[in-house]
Every structure is written in structure tokens, then in C-alpha cells.
Amino acid sequence: MRFSDLLIMSVNNLRRRKLRTVLTVLGVVIGTASIVVMISLGIGLQEMTVAQYASSGSLTRIEIYNDAMWNSDAKEESFLEDTKIAQLERLPHVTAVSPILQVYVQMRQGAYSGSSEIMGVSREVLDEIKLGEGRLPDPNANTMELVVGNMVSRNFYNSKSGRGYWETGEMPDVDLYNRQFFMIFQSNGPSEEQTEKKYIFPVCGMVESKTDENGNPVYNEYSYGIYTDIELLKEQLKRIYRKNPIPGQPTNKKGKPYNYFIYSQAYVYVDDMENVVSVQKEITDMGYQAYSNMQWLEQAQEQLDMIQAVLGGIGAVSLFVAAIGIANTMMMSIYERTKEIGVLKVLGCALGDIRSMFLMEAGFIGFLGGVIGLCLSYAVSALVNRFLGAGLMGMGGAAGAGISRIPASLSVLAVVFAIMIGMLAGLFPALRAMKLSPLAAIRNE
Amino acid sequence: MGEQAADREPVADKETAAEKEQAADQESVAGKEQTTDKEQTARKVPVIRVKDLYKVYRMGDERVYALNGVDFEIFRGEFCAITGPSGSGKSTLLNMLAGLEPPSKGEIVIAGKHIEKLNEKQLVSFRRERVGFIFQSYNLIATMNALENVALPLSFRGMGRSERIRRAKHFLKLVGLERFMKHMPSQMSGGQQQRVGIARALAVDPQIIFADEPTGNLDSKTTLEVLKLMRQIVRKQGQTLVMVTHDNNLASYADRIFKIIDGKIVSIEEGKRDDEEI
Ligand SMILES: Nc1ncnc2c1ncn2[C@@H]1O[C@H](COP(=O)(O)OP(=O)(O)OP(=O)(O)O)[C@@H](O)[C@H]1O
Ligand SMILES: [Mg+2]
């Protein structure tokens, strides 16, 4: 038989018993909707958690620390310097490694002075900074351009009163973006009297400053730092200190500086979230301390997977009940149509066609239930997001997307799954129909 | 019984081979000469050959011999009636000929094929290709109209819709139901329903048509009409018709009448009526 003929026969049989079909479909609708809504909640929860971790730093980044440079007994080989950075770069799945060079500076603007750290970083790190104003440093510039953290100005205090934001709670009258300020690098050695040189560097951007519902600025990982290109910072430091040791850089036993820079910290970028934990393990094995957001997320993920499984399980139970409903309906229909099936067989309908006919009938119930159930899921999902989502916004979910999320793949999967459940439930009745005796058609009851 | 069957097997195979050759010969001859129906019957090309056929039903310890050693041949283009008292085994015989029930023992050869050796799947395709069936209780599909009912068995052969409808219309006209094509079975009389049943059996252009008491549910006037119609069409198309009936008057319209009592053929008579009488 042609596929179209089989389909028409199946659909006609369903139309014949409208109420029963509707009730059976209803079961599948509820089953599909409950499983989709449950999974959508799981997905929402998961995505919210990921977003939460991602907001506190990239998920593909590993931060490594090396405290050898603070340790006076440490061997020179244990320092984290450029050859080590290159070595890390060669690890599989690592896309980039950025060393971080930290320099403590004093700043002055008008009556206020404050302090912060200049962080010399490579391009990859700069690219990650979300800016509120301005632009990132020009990669071709040959003077240091600064990206200033949105909360750096909190560390300024009035030089006369000696009081600042932390004491008074009032923001100092400092504008690091629109007005110039001086930077004073720490002097080296004990000779305090050495003349302090003041430097002015152009500020090209400010770190993004979000505010919460009360209008208070929200902290992010770049809020208190001043960021600039690491190579330009190195050149600048060399110009300032010449042959003298640079404060913050270790010296050898004789108090002489090394002729290269030593870093206490570096960022390792990994190609994919999946690989972060394995790369992190390799780095720890190399003797560094390493941290990543992914590491925490992975732990959270385990709990989420459990929640996901429980939610899915609840949904699955109702779909299972619906499957029993389909099987029952199909069985009833076969008992009623025993004679008709016999007639089909006497007239020469192939056994496979009879089986297909019933399988398609069951599959069609699944299909209808799946599609309608999916529509219902979207409605329920919208309601949940409207009334429940608002309360959960504070949990750090991105505004706009609610807690129940139905991705396109879930929609497609749900319908396909419903069809498969329908056919699976219809399999036994279909085989039963196939084996019915044609003699049933002959006997006159 | 198992041993017996094993003993018989080689002989049966030889016979089949010889028979097939013979049948093929005769078929080609028949095709060439375009003989008339009467002549064809006279030539006696066997379409159905039954040999030593038994059907035993076990009812607890008791054994019911529904068929108790039946031998006969039916020829191409022949109209045969099977008569006998109730419970004599008529339906059992017919069902076995149509491959709806396996025999306990014996051979059924139809168009050179051993029906008793076919499996369920082969039997279905055998019926689809060669057999038309007319039921006592019509057995039309209640949700389909007359036209769709007639077209149904054609869809089992994978025939396209328009071709199916065309053929179904042709056969509905042939049985005189051109005005009832869109009627559902519930909107037709018994006689009309049986005509649809006949059209359905004929639509697949079968070699052999089986009918189990096709007029059992009709009054005597309609019975005769339906019988004449069946006979007429089958004659015209050179098909073989095997009809079960317990009505001796009806049986007398057949070319030959097989009389069965207690599972045995007790007599085979020639029909007494000429075509002109119909
Ligand atoms: N499935 C079965 N199980 C047991 N016995 C059966 C079965 N089918 C038929 N019989 C027996 O076989 C015998 C022949 O039955 P069959 O139906 O062929 O009779 P029939 O000649 O068609 O009768 P009727 O004219 O009443 O239709 C009967 O005695 C019947 O009881
Ligand atoms: Mg009978």
C-alpha cells in the first residue's frame, strides 16, 4: 500500500471515534506539556547559573598564581616569566596566555589623592573588559593608554581632611575620565627623598558601571583596577627605573634585579568550557595554583543535573501514563475492529500494511498530542515567567529571559518524542492486529 | 500423520511439476485460440485441484471431522456450487480453498500453487493477486462509501487513487449501482450492499471468486437477481466461481453441484439450467 493511503486510512479511523481520540490525545498533551515545562525549568535554572558564574568572570579562563616571587628562598627556575608563559601556551586546548604585571601607583587629582594598581595585561584580557565609556587602548599606540575601573575613584581621599568615601560615605569629587590626574610610581629603595616624578597618561575608557534596582553601582572584577597594555607598561617601567630594581619585582641574593619581568599571576584562555577543568588539572600538576569559574560551575552543575533529572522524571511519569492510554485506546480499537481487520486480510491486505496502519494511528495520536502539548507548554512557560520569574530575577538571571526556557531543539525533540512514545505504545496492539485470524471476518456473530 | 506426510512429499512434488507444465501448456493454448466459455469448460483446464483433504477439529478429547477425505477438480471458467446440510463442512472447504485456514492433511493446488504449503504472508499475497471473496454478511467497511469500498482492495496492490476510482466506478456500473456510489453501507439495502460486495470482489480482476452463502441474507427475489448478476459477469470475464449454498434451487444454476454430507462429497451433478434461463 502507498504511504498516503495508509495515512488516510489511519486518520479516518481516528476521526471515526472522535471523543475517544480526543481523550487519548489529551493524555499525551498533558504528558508532553509537563515534561517540556519541567525540562524548560531545568534549562532556565541551568542557564541562569551559568550566566551567574559567567558574570563574575569568563568561563573559559583559568587564573594562575605563583607566589615563588615573594619567597626569598625560591629558586630562579620557579619564577613565572615569559618562557613559562610560552610553555603554558603550548598546552593542548589553550588558546592564549596573558601574564599580568601589577604595579602599585599613587594618583592625584585636585585636592584628592588615592592609590590603585596598574595591571599590565595582554590583548585577550583587554578585549574581555566591558566598557561603559570610551574605547579600548589602541593596539598600535606607543604610549600607555588606560582603562580605569568604575570604582577606582572610591579609593580617593581629601588630602587635607584625610577622609574619603570609606569614612564619609560620600563620593569624592573625582572624575578620572574627563579630567586629568597624575600618577606617581613607587620609589625604589630606601632613598625616600628621591624626587617623585609625576606622569599623566591618557585615559581611553572606563569600565562599565551597572547599577542595581536601588541605583547603587554593581561591582565587577575590573571595578578597582587600571588596565593597560603589558608591553607598553614594561617599557614605561624600564624608562622610570632604568637599572634599578622595580618595586614589586624580586631581586637576587645580592639585591640586584633580574633582567626580565616576573609575574605573580597569569590568565590562561581555553578553547571550550568543556576543556577548562582538564587544562586546569594539568596546570596544577605543573605546580601552580589555579582557579577557574568553571571549576565552581562544574560542582554546581552536578546539583543542577540532579534537579534536571528529578524534574524530567516528574514529567516522564505523566507521559508514561499517556502512553498507557494510547496502548489502551489502540487495544480497544482492535477488539472493536476484529472483523474489519479480518476482512482486510481476506481481501489481501499485506500483514505489514496492517501493522503500519495501526502504528501510524498510534503515532498520529502522539503527534497531535505532542504538537498541542508543545503549544500548551509555551503558554504555561509564559505564565511561569510572568508570575514566578520576577521573584527569581534577583538570583542573577539575565533580565528578559525567564526561568522557564524552551529552546527550539527542545520543541522539536518533544514532538518527535511524543510520536515515538505513541508508536511504541501502539506496537504491541499493532502486532496483535497483524496476527488476528482472517476467519473472524467469515464467521457471522 | 507426520510420517505419512513425509512419505507423500516426493510424489506430490513430481506431480506438481508435471501439473505446472501441463497447466502452462494449456494456458497458452487457451490464450491463443480465444475460445468461448463453453468450449473452455469443455477443455477442462483445472484451476483448483483438491486431493485427499482432511480437516479435523479437536474439541477436548473428541475429534470433529469437518472434512473427511475430499477429492475434486474445478475447471477454468466453471461455476461450481457446494451444497449440503448445515454443519456438513461447506464453509470449512471454502475457507481452505481461499487459504484462510490450513488443512489437517491433503493437498490444495490452485493455479499450480500448493496452497497448503504457503505461509501467512504468501497466502495474503496469493489472495491479493488471484482471489475475490464475497461474504454472506457483505462485510463492507462501515466508514467508507460504496466507491471507496470497491476501490479498497486495489489500494492493497499499490494502485494510484485515480486509477482505483476509475476501476471502482466501472464495476459499480456493472452491478447497476451507478447512482449509489456515494452511499454509505448503512444507507443501502442488503441487496445493494451485496452488489457492492460483488463489485469489490470483481474489481481486482481475480482468477477465482469464492462466495460463502452470498445470498443468505437476501429475500428470494433479490437472491435471484444477485445470483444472475454474478453468473453473468463471471461468464463474460471467464472467471471461476465457487459458491457455497444450502439452497438446492440456487445450486441448480451452477455448472456443477458438489454435494457434501459429513465432510465427504457424496455426489457431483451437472447443473440443469441453461444460460437462457437466466
Ligand atoms: N473452529 C472450529 N472448531 C471446532 N469445530 C468447528 C470449527 N469450525 C467448524 N467446526 C465444525 O466443523 C463442521 C463443519 O462446519 P462448517 O462451518 O464447515 O459447516 P457448514 O457446512 O458451513 O454449515 P452451515 O451451512 O451451517 O454454514 C461443523 O460440525 C462445525 O461444528
Ligand atoms: Mg457455512
# chains A, B, ... in the order shown; residues from 1 in each chain; ligands from 1
>>> select_by_dssp(residues="range 108-263 of chain B", states="alpha helix (DSSP H)", output="ChimeraX atom specification")
/B:120-130,146-155,161-174,190-203,220-237,248-251
>>> residues_near_ligand(ligand="ligand 1", cutoff="12 Å", atoms="only C-alpha atoms and all ligand atoms", output="PyMOL selection string")
(chain A and resi 437+439-440+442-444) or (chain B and resi 54-60+62-68+82-96+100-103+136+211-214+216+243-247+259-265)
>>> residues_around(residues="range 376-389 of chain A", least_positions_apart="4", cutoff="7 Å", atoms="only C-alpha atoms", output="VMD selection string")
chain A and resid 33 36 to 37 372 393 402 to 404
>>> write_last_selection(atoms="N, CA and C atoms", output="PDB file, in the first residue's frame")
ATOM      1  N   ALA A  33       3.282  18.352  27.764  1.00  0.00           N
ATOM      2  CA  ALA A  33       3.408  19.678  28.377  1.00  0.00           C
ATOM      3  C   ALA A  33       4.175  19.578  29.690  1.00  0.00           C
ATOM      4  N   VAL A  36       7.859  18.961  29.003  1.00  0.00           N
ATOM      5  CA  VAL A  36       8.527  20.117  28.391  1.00  0.00           C
ATOM      6  C   VAL A  36       8.698  21.245  29.416  1.00  0.00           C
ATOM      7  N   VAL A  37       7.634  21.506  30.188  1.00  0.00           N
ATOM      8  CA  VAL A  37       7.723  22.598  31.162  1.00  0.00           C
ATOM      9  C   VAL A  37       8.780  22.276  32.216  1.00  0.00           C
ATOM     10  N   ILE A 372       0.086  19.834  20.282  1.00  0.00           N
ATOM     11  CA  ILE A 372      -0.794  20.622  21.150  1.00  0.00           C
ATOM     12  C   ILE A 372      -0.128  20.809  22.510  1.00  0.00           C
ATOM     13  N   MET A 393      14.426  36.960  39.531  1.00  0.00           N
ATOM     14  CA  MET A 393      15.334  37.848  38.797  1.00  0.00           C
ATOM     15  C   MET A 393      16.550  38.187  39.640  1.00  0.00           C
ATOM     16  N   GLY A 402      13.128  34.444  31.200  1.00  0.00           N
ATOM     17  CA  GLY A 402      12.572  33.968  32.456  1.00  0.00           C
ATOM     18  C   GLY A 402      13.211  32.681  32.917  1.00  0.00           C
ATOM     19  N   ILE A 403      12.618  32.109  33.943  1.00  0.00           N
ATOM     20  CA  ILE A 403      13.185  30.879  34.497  1.00  0.00           C
ATOM     21  C   ILE A 403      12.830  29.669  33.652  1.00  0.00           C
ATOM     22  N   SER A 404      11.692  29.732  32.921  1.00  0.00           N
ATOM     23  CA  SER A 404      11.314  28.612  32.060  1.00  0.00           C
ATOM     24  C   SER A 404      11.705  28.943  30.633  1.00  0.00           C
TER      25      SER A 404
END
>>> closest_atom_pairs(of="chain A", to="chain B", cutoff="10 Å", atoms="only C-alpha atoms", output="JSON lines")
{"residue": "A:Met1", "atom": "CA", "partner": "B:Gly158", "partner_atom": "CA", "distance": 4.5}
{"residue": "A:Arg2", "atom": "CA", "partner": "B:Gly158", "partner_atom": "CA", "distance": 5.5}
{"residue": "A:Phe3", "atom": "CA", "partner": "B:Gly158", "partner_atom": "CA", "distance": 9.2}
{"residue": "A:Ser4", "atom": "CA", "partner": "B:Arg161", "partner_atom": "CA", "distance": 9.8}
{"residue": "A:Asp5", "atom": "CA", "partner": "B:Ser155", "partner_atom": "CA", "distance": 7.2}
{"residue": "A:Leu6", "atom": "CA", "partner": "B:Ser155", "partner_atom": "CA", "distance": 9.2}
{"residue": "A:Met9", "atom": "CA", "partner": "B:Met144", "partner_atom": "CA", "distance": 9.9}
{"residue": "A:Asn12", "atom": "CA", "partner": "B:Thr143", "partner_atom": "CA", "distance": 8.1}
{"residue": "A:Asn13", "atom": "CA", "partner": "B:Thr143", "partner_atom": "CA", "distance": 8.2}
{"residue": "A:Arg15", "atom": "CA", "partner": "B:Thr143", "partner_atom": "CA", "distance": 9.9}
{"residue": "A:Arg16", "atom": "CA", "partner": "B:Thr143", "partner_atom": "CA", "distance": 7.5}
{"residue": "A:Lys339", "atom": "CA", "partner": "B:Asn139", "partner_atom": "CA", "distance": 8.2}
{"residue": "A:Glu340", "atom": "CA", "partner": "B:Ile141", "partner_atom": "CA", "distance": 6.8}
{"residue": "A:Ile341", "atom": "CA", "partner": "B:Ile141", "partner_atom": "CA", "distance": 9.8}
{"residue": "A:Gly342", "atom": "CA", "partner": "B:Asn139", "partner_atom": "CA", "distance": 9.6}
{"residue": "A:Val343", "atom": "CA", "partner": "B:Asn139", "partner_atom": "CA", "distance": 6.8}
{"residue": "A:Leu344", "atom": "CA", "partner": "B:Pro153", "partner_atom": "CA", "distance": 8.0}
{"residue": "A:Lys345", "atom": "CA", "partner": "B:Val124", "partner_atom": "CA", "distance": 6.6}
{"residue": "A:Val346", "atom": "CA", "partner": "B:Arg127", "partner_atom": "CA", "distance": 7.0}
{"residue": "A:Leu347", "atom": "CA", "partner": "B:Pro153", "partner_atom": "CA", "distance": 6.0}
{"residue": "A:Gly348", "atom": "CA", "partner": "B:Arg128", "partner_atom": "CA", "distance": 4.0}
{"residue": "A:Cys349", "atom": "CA", "partner": "B:Phe156", "partner_atom": "CA", "distance": 5.3}
{"residue": "A:Ala350", "atom": "CA", "partner": "B:Val124", "partner_atom": "CA", "distance": 6.1}
{"residue": "A:Leu351", "atom": "CA", "partner": "B:Lys121", "partner_atom": "CA", "distance": 6.7}
{"residue": "A:Gly352", "atom": "CA", "partner": "B:Lys121", "partner_atom": "CA", "distance": 9.0}
{"residue": "A:Asp353", "atom": "CA", "partner": "B:Phe156", "partner_atom": "CA", "distance": 8.2}
{"residue": "A:Lys435", "atom": "CA", "partner": "B:Glu120", "partner_atom": "CA", "distance": 9.4}
{"residue": "A:Ser437", "atom": "CA", "partner": "B:Leu100", "partner_atom": "CA", "distance": 8.0}
{"residue": "A:Pro438", "atom": "CA", "partner": "B:Leu100", "partner_atom": "CA", "distance": 6.2}
{"residue": "A:Leu439", "atom": "CA", "partner": "B:Leu100", "partner_atom": "CA", "distance": 6.3}
{"residue": "A:Ala440", "atom": "CA", "partner": "B:Leu100", "partner_atom": "CA", "distance": 9.9}
{"residue": "A:Ala441", "atom": "CA", "partner": "B:Asn139", "partner_atom": "CA", "distance": 7.4}
{"residue": "A:Ile442", "atom": "CA", "partner": "B:Phe135", "partner_atom": "CA", "distance": 6.9}
{"residue": "A:Arg443", "atom": "CA", "partner": "B:Ser137", "partner_atom": "CA", "distance": 9.0}
{"residue": "A:Asn444", "atom": "CA", "partner": "B:Ser137", "partner_atom": "CA", "distance": 7.2}
{"residue": "A:Glu445", "atom": "CA", "partner": "B:Ser137", "partner_atom": "CA", "distance": 9.9}
>>> write_last_selection(atoms="N, CA and C atoms", output="mmCIF file, in the first residue's frame")
data_model
loop_
_atom_site.group_PDB
_atom_site.id
_atom_site.type_symbol
_atom_site.label_atom_id
_atom_site.label_comp_id
_atom_site.auth_asym_id
_atom_site.auth_seq_id
_atom_site.Cartn_x
_atom_site.Cartn_y
_atom_site.Cartn_z
ATOM 1 N N MET A 1 0.835 -1.203 0.000
ATOM 2 C CA MET A 1 0.000 0.000 0.000
ATOM 3 C C MET A 1 0.860 1.238 0.000
ATOM 4 N N ARG A 2 0.329 2.260 -0.632
ATOM 5 C CA ARG A 2 1.075 3.522 -0.627
ATOM 6 C C ARG A 2 0.999 4.175 0.741
ATOM 7 N N PHE A 3 2.033 4.964 1.039
ATOM 8 C CA PHE A 3 2.083 5.639 2.336
ATOM 9 C C PHE A 3 0.872 6.552 2.524
ATOM 10 N N SER A 4 0.524 7.267 1.465
ATOM 11 C CA SER A 4 -0.595 8.220 1.578
ATOM 12 C C SER A 4 -1.901 7.483 1.881
ATOM 13 N N ASP A 5 -2.084 6.310 1.249
ATOM 14 C CA ASP A 5 -3.308 5.544 1.503
ATOM 15 C C ASP A 5 -3.360 5.066 2.953
ATOM 16 N N LEU A 6 -2.203 4.607 3.434
ATOM 17 C CA LEU A 6 -2.132 4.153 4.831
ATOM 18 C C LEU A 6 -2.486 5.292 5.779
ATOM 19 N N MET A 9 -6.175 6.142 5.745
ATOM 20 C CA MET A 9 -6.961 5.144 6.480
ATOM 21 C C MET A 9 -6.807 5.315 7.984
ATOM 22 N N ASN A 12 -8.644 8.445 9.137
ATOM 23 C CA ASN A 12 -10.089 8.225 9.102
ATOM 24 C C ASN A 12 -10.563 7.383 10.273
ATOM 25 N N ASN A 13 -9.754 6.399 10.639
ATOM 26 C CA ASN A 13 -10.123 5.564 11.779
ATOM 27 C C ASN A 13 -10.156 6.363 13.063
ATOM 28 N N ARG A 15 -10.778 9.580 13.201
ATOM 29 C CA ARG A 15 -11.915 10.509 13.117
ATOM 30 C C ARG A 15 -13.227 9.826 13.456
ATOM 31 N N ARG A 16 -13.230 8.521 13.209
ATOM 32 C CA ARG A 16 -14.424 7.734 13.427
ATOM 33 C C ARG A 16 -14.831 7.750 14.896
ATOM 34 N N LYS A 339 -13.338 -7.820 13.209
ATOM 35 C CA LYS A 339 -13.977 -8.299 11.991
ATOM 36 C C LYS A 339 -13.434 -7.549 10.773
ATOM 37 N N GLU A 340 -13.332 -6.247 10.930
ATOM 38 C CA GLU A 340 -12.852 -5.420 9.824
ATOM 39 C C GLU A 340 -11.419 -5.800 9.428
ATOM 40 N N ILE A 341 -10.595 -6.041 10.456
ATOM 41 C CA ILE A 341 -9.217 -6.431 10.168
ATOM 42 C C ILE A 341 -9.210 -7.756 9.418
ATOM 43 N N GLY A 342 -10.115 -8.674 9.857
ATOM 44 C CA GLY A 342 -10.250 -9.950 9.155
ATOM 45 C C GLY A 342 -10.612 -9.732 7.692
ATOM 46 N N VAL A 343 -11.541 -8.836 7.435
ATOM 47 C CA VAL A 343 -11.952 -8.555 6.058
ATOM 48 C C VAL A 343 -10.765 -8.054 5.249
ATOM 49 N N LEU A 344 -10.006 -7.134 5.850
ATOM 50 C CA LEU A 344 -8.830 -6.609 5.144
ATOM 51 C C LEU A 344 -7.888 -7.747 4.760
ATOM 52 N N LYS A 345 -7.740 -8.683 5.671
ATOM 53 C CA LYS A 345 -6.828 -9.794 5.390
ATOM 54 C C LYS A 345 -7.371 -10.696 4.300
ATOM 55 N N VAL A 346 -8.675 -10.964 4.345
ATOM 56 C CA VAL A 346 -9.268 -11.807 3.309
ATOM 57 C C VAL A 346 -9.127 -11.126 1.949
ATOM 58 N N LEU A 347 -9.254 -9.800 1.942
ATOM 59 C CA LEU A 347 -9.162 -9.069 0.682
ATOM 60 C C LEU A 347 -7.716 -8.895 0.210
ATOM 61 N N GLY A 348 -6.773 -9.358 1.027
ATOM 62 C CA GLY A 348 -5.389 -9.369 0.563
ATOM 63 C C GLY A 348 -4.541 -8.201 1.031
ATOM 64 N N CYS A 349 -4.924 -7.587 2.142
ATOM 65 C CA CYS A 349 -4.090 -6.509 2.687
ATOM 66 C C CYS A 349 -2.855 -7.131 3.339
ATOM 67 N N ALA A 350 -1.675 -6.694 2.926
ATOM 68 C CA ALA A 350 -0.438 -7.294 3.418
ATOM 69 C C ALA A 350 -0.336 -7.107 4.934
ATOM 70 N N LEU A 351 0.284 -8.098 5.588
ATOM 71 C CA LEU A 351 0.386 -8.056 7.047
ATOM 72 C C LEU A 351 1.123 -6.807 7.507
ATOM 73 N N GLY A 352 2.187 -6.475 6.789
ATOM 74 C CA GLY A 352 2.969 -5.291 7.149
ATOM 75 C C GLY A 352 2.127 -4.028 7.066
ATOM 76 N N ASP A 353 1.228 -3.988 6.075
ATOM 77 C CA ASP A 353 0.385 -2.796 5.919
ATOM 78 C C ASP A 353 -0.575 -2.656 7.089
ATOM 79 N N LYS A 435 -1.704 -10.296 13.730
ATOM 80 C CA LYS A 435 -1.810 -11.750 13.912
ATOM 81 C C LYS A 435 -3.250 -12.231 13.978
ATOM 82 N N SER A 437 -6.889 -13.574 13.142
ATOM 83 C CA SER A 437 -7.234 -14.541 12.099
ATOM 84 C C SER A 437 -8.218 -13.940 11.102
ATOM 85 N N PRO A 438 -8.002 -14.197 9.826
ATOM 86 C CA PRO A 438 -8.953 -13.704 8.827
ATOM 87 C C PRO A 438 -10.313 -14.394 8.960
ATOM 88 N N LEU A 439 -10.335 -15.519 9.653
ATOM 89 C CA LEU A 439 -11.597 -16.250 9.797
ATOM 90 C C LEU A 439 -12.636 -15.433 10.560
ATOM 91 N N ALA A 440 -12.145 -14.501 11.367
ATOM 92 C CA ALA A 440 -13.063 -13.665 12.132
ATOM 93 C C ALA A 440 -14.031 -12.941 11.208
ATOM 94 N N ALA A 441 -13.559 -12.671 10.001
ATOM 95 C CA ALA A 441 -14.396 -11.955 9.047
ATOM 96 C C ALA A 441 -15.514 -12.833 8.505
ATOM 97 N N ILE A 442 -15.241 -14.127 8.448
ATOM 98 C CA ILE A 442 -16.182 -15.046 7.818
ATOM 99 C C ILE A 442 -17.313 -15.391 8.769
ATOM 100 N N ARG A 443 -16.947 -15.594 10.023
ATOM 101 C CA ARG A 443 -17.949 -16.038 10.988
ATOM 102 C C ARG A 443 -18.993 -14.964 11.170
ATOM 103 N N ASN A 444 -20.188 -15.380 11.257
ATOM 104 C CA ASN A 444 -21.269 -14.428 11.485
ATOM 105 C C ASN A 444 -21.686 -14.482 12.928
ATOM 106 N N GLU A 445 -21.463 -13.388 13.639
ATOM 107 C CA GLU A 445 -21.841 -13.381 15.053
ATOM 108 C C GLU A 445 -23.318 -13.052 15.181
#
>>> residues_around(residues="range 227-230 of chain B", least_positions_apart="5", cutoff="9 Å", atoms="only C-alpha atoms", output="list in words")
Leu174, Val175, Arg195, Ile198, Pro214, Thr215, Thr222, Arg235, Leu241, Leu250, Tyr253 and Ile278 of chain B
>>> select_by_dssp(residues="range 95-154 of chain B", states="strand (DSSP E or B)", output="PyMOL selection string")
chain B and resi 105-110+113-114+131-134
>>> atom_distance(atom1="CA of Leu136 in chain A", atom2="CA of Gly205 in chain A")
6.1 Å
>>> residues_around(residues="Asn66 in chain A", least_positions_apart="6", cutoff="8 Å", atoms="only C-alpha atoms", output="MDAnalysis selection string")
chainID A and resid 79:80 263:265 288:289
>>> atom_distance(atom1="CA of Ser161 in chain A", atom2="CA of Phe201 in chain A")
27.1 Å
>>> residues_around(residues="range 237-239 of chain B", least_positions_apart="4", cutoff="7 Å", atoms="only C-alpha atoms", output="NGL selection string")
:B and (37 or 76-77 or 207-208 or 233)
>>> write_last_selection(atoms="N, CA and C atoms", output="CSV table (one decimal), in the first residue's frame")
chain,number,residue,atom,x,y,z
B,37,ASP,N,-16.5,-19.5,-23.8
B,37,ASP,CA,-16.6,-20.1,-22.4
B,37,ASP,C,-16.9,-21.5,-22.4
B,76,ARG,N,-11.4,-24.1,-15.3
B,76,ARG,CA,-11.4,-22.7,-15.6
B,76,ARG,C,-12.7,-22.3,-16.1
B,77,GLY,N,-13.2,-21.2,-15.7
B,77,GLY,CA,-14.5,-20.6,-16.2
B,77,GLY,C,-15.7,-21.3,-15.7
B,207,GLN,N,-8.8,-14.5,-10.6
B,207,GLN,CA,-9.0,-15.7,-11.4
B,207,GLN,C,-10.2,-16.4,-10.9
B,208,ILE,N,-10.2,-16.4,-9.5
B,208,ILE,CA,-11.3,-17.3,-8.9
B,208,ILE,C,-12.0,-16.4,-7.9
B,233,ILE,N,-21.6,-11.9,-15.0
B,233,ILE,CA,-20.3,-11.2,-15.1
B,233,ILE,C,-19.1,-12.2,-15.2
>>> residues_around(residues="Leu297 in chain A", least_positions_apart="6", cutoff="9 Å", atoms="only C-alpha atoms", output="PyMOL selection string")
chain A and resi 49-50+53+59
>>> atom_distance(atom1="CA of Lys272 in chain B", atom2="CA of Leu97 in chain B")
25.3 Å
>>> closest_residue(among="A:Pro407, A:Gly110, A:Pro429, A:Gly325", to="Gly44 in chain A", atoms="only C-alpha atoms")
A:Pro407
>>> decode(residues="range 206-220 of chain B", atoms="N, CA, C and O atoms", output="PDB file, in the first residue's frame")
ATOM      1  N   PRO B 206      -9.921 -11.022 -10.291  1.00  0.00           N
ATOM      2  CA  PRO B 206      -9.352 -12.274  -9.788  1.00  0.00           C
ATOM      3  C   PRO B 206      -9.606 -13.436 -10.743  1.00  0.00           C
ATOM      4  O   PRO B 206     -10.548 -13.393 -11.531  1.00  0.00           O
ATOM      5  N   GLN B 207      -8.755 -14.453 -10.645  1.00  0.00           N
ATOM      6  CA  GLN B 207      -8.984 -15.672 -11.421  1.00  0.00           C
ATOM      7  C   GLN B 207     -10.171 -16.439 -10.859  1.00  0.00           C
ATOM      8  O   GLN B 207     -10.938 -17.026 -11.595  1.00  0.00           O
ATOM      9  N   ILE B 208     -10.244 -16.435  -9.540  1.00  0.00           N
ATOM     10  CA  ILE B 208     -11.251 -17.254  -8.875  1.00  0.00           C
ATOM     11  C   ILE B 208     -12.017 -16.385  -7.891  1.00  0.00           C
ATOM     12  O   ILE B 208     -11.424 -15.549  -7.205  1.00  0.00           O
ATOM     13  N   ILE B 209     -13.339 -16.594  -7.846  1.00  0.00           N
ATOM     14  CA  ILE B 209     -14.142 -15.874  -6.865  1.00  0.00           C
ATOM     15  C   ILE B 209     -14.799 -16.890  -5.945  1.00  0.00           C
ATOM     16  O   ILE B 209     -15.412 -17.859  -6.410  1.00  0.00           O
ATOM     17  N   PHE B 210     -14.612 -16.689  -4.640  1.00  0.00           N
ATOM     18  CA  PHE B 210     -15.265 -17.536  -3.654  1.00  0.00           C
ATOM     19  C   PHE B 210     -16.411 -16.770  -3.028  1.00  0.00           C
ATOM     20  O   PHE B 210     -16.281 -15.582  -2.727  1.00  0.00           O
ATOM     21  N   ALA B 211     -17.525 -17.475  -2.852  1.00  0.00           N
ATOM     22  CA  ALA B 211     -18.669 -16.821  -2.231  1.00  0.00           C
ATOM     23  C   ALA B 211     -19.315 -17.793  -1.254  1.00  0.00           C
ATOM     24  O   ALA B 211     -19.691 -18.906  -1.625  1.00  0.00           O
ATOM     25  N   ASP B 212     -19.379 -17.387   0.019  1.00  0.00           N
ATOM     26  CA  ASP B 212     -19.978 -18.248   1.045  1.00  0.00           C
ATOM     27  C   ASP B 212     -21.383 -17.735   1.342  1.00  0.00           C
ATOM     28  O   ASP B 212     -21.542 -16.705   1.981  1.00  0.00           O
ATOM     29  N   GLU B 213     -22.371 -18.462   0.856  1.00  0.00           N
ATOM     30  CA  GLU B 213     -23.769 -18.056   1.015  1.00  0.00           C
ATOM     31  C   GLU B 213     -23.964 -16.580   0.698  1.00  0.00           C
ATOM     32  O   GLU B 213     -24.410 -15.814   1.561  1.00  0.00           O
ATOM     33  N   PRO B 214     -23.639 -16.154  -0.507  1.00  0.00           N
ATOM     34  CA  PRO B 214     -23.677 -14.719  -0.816  1.00  0.00           C
ATOM     35  C   PRO B 214     -25.092 -14.155  -0.741  1.00  0.00           C
ATOM     36  O   PRO B 214     -25.273 -12.950  -0.585  1.00  0.00           O
ATOM     37  N   THR B 215     -26.085 -15.026  -0.846  1.00  0.00           N
ATOM     38  CA  THR B 215     -27.456 -14.527  -0.847  1.00  0.00           C
ATOM     39  C   THR B 215     -28.194 -14.938   0.417  1.00  0.00           C
ATOM     40  O   THR B 215     -29.404 -14.807   0.514  1.00  0.00           O
ATOM     41  N   GLY B 216     -27.424 -15.423   1.397  1.00  0.00           N
ATOM     42  CA  GLY B 216     -28.028 -15.942   2.618  1.00  0.00           C
ATOM     43  C   GLY B 216     -28.890 -14.932   3.363  1.00  0.00           C
ATOM     44  O   GLY B 216     -29.827 -15.316   4.056  1.00  0.00           O
ATOM     45  N   ASN B 217     -28.565 -13.654   3.227  1.00  0.00           N
ATOM     46  CA  ASN B 217     -29.312 -12.649   3.971  1.00  0.00           C
ATOM     47  C   ASN B 217     -30.312 -11.888   3.100  1.00  0.00           C
ATOM     48  O   ASN B 217     -30.796 -10.839   3.493  1.00  0.00           O
ATOM     49  N   LEU B 218     -30.587 -12.416   1.897  1.00  0.00           N
ATOM     50  CA  LEU B 218     -31.463 -11.672   0.979  1.00  0.00           C
ATOM     51  C   LEU B 218     -32.772 -12.424   0.764  1.00  0.00           C
ATOM     52  O   LEU B 218     -32.851 -13.640   0.924  1.00  0.00           O
ATOM     53  N   ASP B 219     -33.824 -11.674   0.366  1.00  0.00           N
ATOM     54  CA  ASP B 219     -35.090 -12.353   0.064  1.00  0.00           C
ATOM     55  C   ASP B 219     -34.982 -13.061  -1.282  1.00  0.00           C
ATOM     56  O   ASP B 219     -34.023 -12.875  -2.031  1.00  0.00           O
ATOM     57  N   SER B 220     -35.985 -13.875  -1.601  1.00  0.00           N
ATOM     58  CA  SER B 220     -35.835 -14.775  -2.747  1.00  0.00           C
ATOM     59  C   SER B 220     -35.731 -14.020  -4.071  1.00  0.00           C
ATOM     60  O   SER B 220     -34.989 -14.423  -4.958  1.00  0.00           O
TER      61      SER B 220
END
